[in-house]
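Visitor: Just dropping this structure here.
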Amino acid sequence: MKKVMVAALAACCLVVSTVATAQPKVFRYAFRVAETGFDPAQVTDLYSRTVTAGIFDAPLRYQYLARPYTLEPSGCELPEVSADFKTLTFTVRPGLFFAPDAAFNGQKRELVAADYVYSIKRHYDPKFKSGNLYILQNAGILGLDALRAEALKGKPFDYDREVEGLRVLDKYRWQIKMKVGDPRFMHNLADPFVGAVAREVVEFYGDKIMEHPVGTAAWMLKNDEWRRSSKIVLVKNPHFRDEVFNETAPADRPDLQALAEKLRGRKLPMIDRVEMSIIEENQPRWLSFMNGEADMVEEVPADFASIAMPNGQLAPNLAKRGIQMNRYARADVAVSFFNMENEMVGGTSPAQVALRRAISLGVDVDQEVRLARKGQAIPAQGLIAPNTYGYSSTFKSSMSEFNRAKAKALLDLHGFVDKDGDGWRDRPDGRPLVLEYATQPDSQNRALAELWQKNMDALRIRIQFKLAKWPENLKASRAGKLMMWGVGWSASVPDGDAFLTLGYGPNAGQSNHSRFNLPEYNALYEQQRALPDGPERLAVMTQLNKMAVAYMPYKVHVHRIFTDMAQPWVTGLERNIFRRDFWQYLDVDPVAQQSRAASR
């Protein structure tokens with residue numbers, strides 16, 4: 001009888017173990033901003049782009065643990081590059097398949113060269129209003145601007161016409177030819193905005209394509225569980241290729257070397273499902289993590305920084321719980337832009353330049369870092385951010401200078417004085433001077449707005465705030481309808497060009513939110529883009545940085561420092577800032593995760 005009971009108990013334990021092993025591995029975290037949609041040709045915001053990075057294969061990607069950041073094959077092998085950098089020839093990796101979808105009529109659909117050619121052409125189709133078109137146009141892909149020009153005149157965009165600069169060579173090979181020889185252009189082809197889309201999917205869903213992403217990467221959207229602006233669910237693409245964790249960590253990071261060895265050979269992705277909640281307010285987003293309802297909190301809210309990581313160190317009570325912390329600087333700027341086409345704050349006349357410079361001098365960035373951002377940022381000296389080529393920690397400028405006396409003197413000198421005796425400054429012609437600043441209704445933006453109010457009150461400049469959700473402000477900004485807006489800009493490539501493009505005139509309405517258009521800046525920007533990395537290019541980049549400070553189309557406030565925290569049952573907490581789909585490299589212990597849920 002005793003033997004029977006032991007055998008039964010062993011069998012029971014085996015069943016429990018099997019059930020535990022069979023539990024799906026779910027990774028849960030929250031976005032602080034709602035998604036706009038998931039079509040690579042239309043998406044420009046960071047959060048939607050994060051989702052598309054997991055669904056679509058760009059031609060290339062960055063090795064996850066390699067430092068410095070290094071390109072590797074994704075949908076294509078590394079390209080053949082001509083000596084003048086004007087021609088790139090790609091070979092699609094055979095045997096990559098799109099996720100199953102009704103658009104394929106039950107057939108398994110392989111990725112081919114024509115898919116990349118079609119996907120890039122879509123950015124030139126005016127119908128899709130691509131916010132990333134400037135990246136391709138800056139390179140001057142031969143023939144595509146002419147194709148777009150015809151469509152802008154009312155003709156249907158001709159996807160079937162072959163152009164010199166973008167051709168299918170055979171089933172798996174395709175080629176880009178450019179007017180500009182840019183040694184760094186192929187880094188842009190590691191971004192999900194050039195992820196491969198199947199033509200039949202776009203035509204099948206028509207105007208609903210933002211809601212139906214279908215790609216060849218590891219993940220697919222679970223449409224029946226997607227709740228717009230509330231919850232996004234990704235599940236494994238059953239047609240995803242066999243891929244294993246085979247990362248090489250840098251020699252000076254023993255922690256990453258240990259992680260690489262621990263995960264080496266594991267089939268990717270290691271988890272089964274990603275759940276992204278949209279939680280705009282900081283407190284509930286932080287509490288969902290503290291209560292074990294989220295497996296990670298991305299960018300610990302500044303409101304809780306002093307509690308979670310006093311003096312930049314993980315709080316003892318969190319360390320005792322096994323919470324993990326990863327602190328890093330993104331390639332990032334937080335800016336307030338001035339719409340250069342707006343009569344109130346725009347223009348390049350001496351008086352208008354003086355107005356923007358005075359406003360900048362009146363902003364107390366140190367107080368912003370201390371109070372609103374809780375120390376999770378460093379003051380910025382210019383447009384170029386850390387972790388990108390061209391950034392210099394020794395570059396100093398007036399961008400972060402706070403000097404109210406100088407600001408007031410500058411305003412007085414150029415005629416921005418109180419002309420009607422109401423105590424507020426007016427414009428030189430006597431009309432009221434009133435700033436209108438777009439913002440969002442979350443706690444951090446409220447804190448930033450309060451500081452703007454205080455700083456402008458001290459200068460006796462009226463300021464009003466226009467509240468809207470982030471996607472609404474983005475749409476209005478692209479259309480040139482905002483006077484001022486505070487927004488973050490994160491690079492997708494490790495090069496300072498990603499920030500200098502913010503001032504390039506032809507990019508107005510895309511990366512150039514300020515709509516700054518200065519011929520001298522434009523010419524220098526084009527010059528640096530064609531130069532190889534080295535002292536000559538760095539000198540031109542520095543000159544552009546100084547020009548942006550002088551004309552002040554952007555008040556660059558800070559470079560943000562991000563801190564992610566993860567629960568003890570998560571393995572692989574490390575961020576490659578140029579890879580959005582970090583969840584592909586995580587593992588989750590579902591037993592520990594469920595135990596925590598049961599104990600709540």
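For the structure tokens, the naming scheme is as follows: chains receive sequential letters (A, B, ...) according to their order of presentation, residues are indexed from 1 within each chain, and ligands are indexed from 1 in presentation order.
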Need the shell around Ala539 in chain A: protein/DNA/RNA residues with any atom at most 10 Å away, counting only C-alpha atoms. Skip same-chain ones fewer than 5 positions apart. Format as a PDB file with N, CA and C atoms, in the first residue's frame?
Guide:
ATOM      1  N   GLY A 390      28.913  61.745 -33.215  1.00  0.00           N
ATOM      2  CA  GLY A 390      28.811  63.199 -33.283  1.00  0.00           C
ATOM      3  C   GLY A 390      28.509  63.842 -31.956  1.00  0.00           C
ATOM      4  N   GLN A 528      27.406  67.093 -44.574  1.00  0.00           N
ATOM      5  CA  GLN A 528      27.840  66.102 -43.580  1.00  0.00           C
ATOM      6  C   GLN A 528      27.301  64.721 -43.893  1.00  0.00           C
ATOM      7  N   GLY A 534      34.709  60.912 -39.559  1.00  0.00           N
ATOM      8  CA  GLY A 534      36.062  61.409 -39.374  1.00  0.00           C
ATOM      9  C   GLY A 534      36.035  62.859 -38.958  1.00  0.00           C
ATOM     10  N   LEU A 544      26.628  72.555 -37.366  1.00  0.00           N
ATOM     11  CA  LEU A 544      25.166  72.448 -37.427  1.00  0.00           C
ATOM     12  C   LEU A 544      24.555  72.542 -36.037  1.00  0.00           C
ATOM     13  N   ASN A 545      25.193  71.913 -35.081  1.00  0.00           N
ATOM     14  CA  ASN A 545      24.721  71.958 -33.700  1.00  0.00           C
ATOM     15  C   ASN A 545      24.709  73.398 -33.191  1.00  0.00           C
TER      16      ASN A 545
END
Visitor: Pick out the residues sitting within 10 Å of Trp226 in chain A, and hand them over as a ChimeraX atom specification; count only C-alpha atoms, and ignore anything fewer than 5 positions along from it in its own chain.
Guide: /A:211,221,231-234,275-277
Visitor: Could you tell me which of A:Arg373, A:Arg460, A:Asp495, A:Asn387 comes closest to Arg446 in chain A if we count only C-alpha atoms?
Guide: A:Arg373
Visitor: With a distance cut-off of 7 Å and only C-alpha atoms, select the neighbouring residues of Glu298 in chain A, excluding the residue or stretch itself and same-chain residues fewer than 5 positions from it, and output the selection as an NGL selection string.
Guide: :A and (563-565)
Visitor: Quick one: write out the picked residues with C-alpha atoms as a PDB file, in the first residue's frame?
Guide:
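Everything below was put into result.pdb:
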ATOM      1  CA  THR A 563      15.579  52.916 -15.770  1.00  0.00           C
ATOM      2  CA  ASP A 564      13.726  49.685 -16.416  1.00  0.00           C
ATOM      3  CA  MET A 565      12.830  47.324 -13.606  1.00  0.00           C
TER       4      MET A 565
END
